[in-house]
Every structure is written in structure tokens, then in C-alpha cells.
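Following: one structure in C-alpha cells, then a few remarks.
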Amino acid sequence: GQILGPLDEEMARMVAGYLEQRGVKLVLNDGAAEFRQAPGGALEVHTQSGAMYPADIVILGIGVRPDTALAEQAGPEIGALGGIRTDEQMRTSEPDIFAAGDAVEVRDCGTGEWSLVALAGPANRQGRIVADVIAGRDSRFRGTQGTAIIGLFDGTAAWTGVSEKTLKRM
């Protein structure tokens with residue numbers, strides 16, 4: 001099934017329950033400190049709290065931060081969220097420098113506020129807009145809704161729109 005809308009915490013609980021029903025052990029708010037190979041070749045994950053978990057596979061949800069070191073040296077404006085600021089044509093505050101992808105701040109369609117969206121769809125669209133503008137076309141990026149979809153075993157989770165966290169902040 002699909003879940004749409006600003007249901008961050010409720011959705012996270014539903015996805016966690018779904019994964020646990022299928023034998024996935026979730027360890028939240030206790031970061032991995034070390035990985036060791038146990039006798040026989042098994043994997044052991046030692047966490048910051050001192051716990052140890054045997055594992056066949058480990059998936060780390062560590063988030064995404066824009067890498068703007070090169071942009072900071074070149075001079076374009078960096079926004080409050082840490083991303084490179086661009087106009088609708090993906091041009092930075094330095095008129096000869098364009099930026100696209102995970103390192104740019106974009107306008108959220110729902111709020112009009114700056115946001116960071118690390119998704120392939122918007123990044124691909126931004127890259128095409130940069131190419132169009134360089135070629136002399138009047139292409140514009142109109143913002144993003146932040147839509148994402150993930151397959152989990154035989155199910156699907158999807159979200160779009162303004163997050164609960166953002167709505168509470170606003």
C-alpha cells in the first residue's frame with residue numbers, strides 16, 4: 001500500500017513494524033561504533049552504547065549533507081541550510097556558475113521555503129535545466145514536492161509533500 005502526506009513519525013512506526021515482522025532487527029538512536037568479523041566469518045556490529053548484534057547485512061541510515069567545499073571556494077552564496085543557492089535556472093550568485101543536485105537548496109512547492117532534497121528525480125531535472133539554459137533555452141526549475149518511494153520486501157512506502165517536522169516548525 002501507499003502512505004501519502006505529512007505522516008513522518010506514524011509512517012516510520014509502520015515501516016519499522018513491517019520490517020520487524022519480516023525478521024529485520026532495527027537499532028535506532030544507537031550508532032554503529034565498530035564492525036568486527038567473528039570466528040567463522042560472521043559479522044558483529046558493536047554500537048556506541050556497548051551493545052553487540054550479529055548481522056548478515058547492515059544498512060546505515062546516516063543522512064545526506066551537501067558537499068559545498070568547491071562552491072565555497074568559488075564564491076557562490078551558500079544558504080542557511082548549507083546548500084548552494086540558485087535561481088530558477090540553476091544559476092548561482094556567480095552568473096557563470098551553475099549548480100544542480102544534492103548540493104543545492106531548492107524551493108519547496110508546498111511552502112515556498114528553501115529546502116534540501118537529496119533525490120535523483122529533481123537532480124536529474126536540474127541537470128537538464130542547466131543544459132537547456134547553457135544552450136539558450138528558457139528552462140526553469142519550479143521547485144520540488146520531495147516525493148520518494150521505496151520497495152520493502154513485498155510492500156511499498158511512499159511519501160510526498162511537506163514533512164510533519166517542517167509543518168510543526170512553521
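We label chains A, B, ... in the order they appear in the C-alpha cells, count residues from 1 in each chain, and number ligands from 1 in the order shown.
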Sel. of strand (DSSP E or B) residues, region 1-168 of chain A, as a tab-separated table (two decimals) with C-alpha atoms, in the first residue's frame:
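So out_9.tsv came out as:
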chain	number	residue	atom	x	y	z
A	32	ALA	CA	27.48	1.79	14.98
A	33	ALA	CA	30.88	2.20	16.64
A	34	GLU	CA	32.72	-0.79	15.17
A	35	PHE	CA	32.31	-3.75	12.86
A	36	ARG	CA	34.16	-6.98	13.67
A	37	GLN	CA	34.48	-10.32	11.98
A	43	LEU	CA	29.66	-10.01	11.20
A	44	GLU	CA	29.35	-8.35	14.59
A	45	VAL	CA	28.12	-4.78	14.95
A	46	HIS	CA	29.20	-3.01	18.14
A	47	THR	CA	27.20	0.12	18.94
A	52	MET	CA	26.67	-6.11	20.09
A	53	TYR	CA	24.48	-7.51	17.32
A	54	PRO	CA	25.31	-10.37	14.97
A	55	ALA	CA	24.36	-9.49	11.41
A	78	ILE	CA	25.53	29.19	0.47
A	84	ILE	CA	24.21	26.23	-2.77
A	85	ARG	CA	21.60	28.88	-3.57
A	91	ARG	CA	22.43	29.76	-11.83
A	98	PHE	CA	25.50	26.70	-12.28
A	104	VAL	CA	21.62	22.87	-3.97
A	105	GLU	CA	18.84	24.40	-1.93
A	106	VAL	CA	15.54	24.35	-3.80
A	107	ARG	CA	12.13	25.87	-3.21
A	108	ASP	CA	9.55	23.58	-1.67
A	114	TRP	CA	14.25	26.74	0.86
A	115	SER	CA	14.83	23.03	1.37
A	116	LEU	CA	17.41	20.31	0.73
A	144	THR	CA	10.03	20.10	-5.65
A	148	ALA	CA	10.07	9.39	-2.63
A	149	ILE	CA	9.08	5.74	-2.98
A	150	ILE	CA	10.82	2.68	-1.56
A	151	GLY	CA	10.15	-1.02	-2.04
A	152	LEU	CA	10.31	-3.14	1.13
A	155	GLY	CA	5.35	-3.76	0.13
A	156	THR	CA	5.87	-0.16	-0.84
A	157	ALA	CA	6.21	3.01	1.22
A	158	ALA	CA	5.82	6.42	-0.40
A	159	TRP	CA	5.71	10.00	0.79
Give me the residues within 7 Å of region 15-30 of chain A as a list of chain:residue names, counting only C-alpha atoms and dropping any in the same chain fewer than 3 places off.
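Listed by chain and then number, they are A:Met11, A:Ala12, A:Thr47, A:Gln48, A:Ser49.
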Take the residues from that selection and write them out as an mmCIF file, in the first residue's frame, keeping N, CA and C atoms.
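Ended up saving to result_15.cif:
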data_model
loop_
_atom_site.group_PDB
_atom_site.id
_atom_site.type_symbol
_atom_site.label_atom_id
_atom_site.label_comp_id
_atom_site.auth_asym_id
_atom_site.auth_seq_id
_atom_site.Cartn_x
_atom_site.Cartn_y
_atom_site.Cartn_z
ATOM 1 N N MET A 11 4.402 7.047 9.923
ATOM 2 C CA MET A 11 4.904 6.222 8.832
ATOM 3 C C MET A 11 6.149 5.455 9.264
ATOM 4 N N ALA A 12 7.045 6.123 9.981
ATOM 5 C CA ALA A 12 8.256 5.452 10.461
ATOM 6 C C ALA A 12 7.891 4.268 11.348
ATOM 7 N N THR A 47 27.791 -1.218 18.970
ATOM 8 C CA THR A 47 27.202 0.120 18.943
ATOM 9 C C THR A 47 27.847 1.036 19.971
ATOM 10 N N GLN A 48 27.523 2.303 19.884
ATOM 11 C CA GLN A 48 28.082 3.295 20.795
ATOM 12 C C GLN A 48 27.696 3.036 22.239
ATOM 13 N N SER A 49 26.535 2.405 22.468
ATOM 14 C CA SER A 49 26.110 2.114 23.845
ATOM 15 C C SER A 49 26.800 0.885 24.414
#
Excluding same-chain residues fewer than 2 positions from Glu77 (chain A), what lies within 12 Å of it counting only C-alpha atoms, as an MDAnalysis selection string?
chainID A and resid 68:75 79:87 91:95 97:99 104:105
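These are the residues of region 76-149 of chain A assigned helix (DSSP H, G or I) by DSSP from backbone coordinates: Ala120, Gly121, Pro122, Ala123, Asn124, Arg125, Gln126, Gly127, Arg128, Ile129, Val130, Ala131, Asp132, Val133 and Ile134 of chain A.
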Output for the residues just chosen: C-alpha atoms as a tab-separated table (two decimals), in the first residue's frame:
chain	number	residue	atom	x	y	z
A	120	ALA	CA	17.57	11.56	-8.11
A	121	GLY	CA	14.46	12.87	-9.88
A	122	PRO	CA	14.90	16.55	-9.02
A	123	ALA	CA	18.69	16.31	-9.51
A	124	ASN	CA	18.19	14.88	-13.00
A	125	ARG	CA	15.67	17.59	-13.88
A	126	GLN	CA	18.02	20.30	-12.59
A	127	GLY	CA	20.85	18.94	-14.73
A	128	ARG	CA	18.63	19.07	-17.81
A	129	ILE	CA	17.65	22.66	-16.99
A	130	VAL	CA	21.32	23.65	-16.72
A	131	ALA	CA	21.98	22.10	-20.15
A	132	ASP	CA	18.94	23.88	-21.63
A	133	VAL	CA	19.96	27.27	-20.21
A	134	ILE	CA	23.53	26.89	-21.47
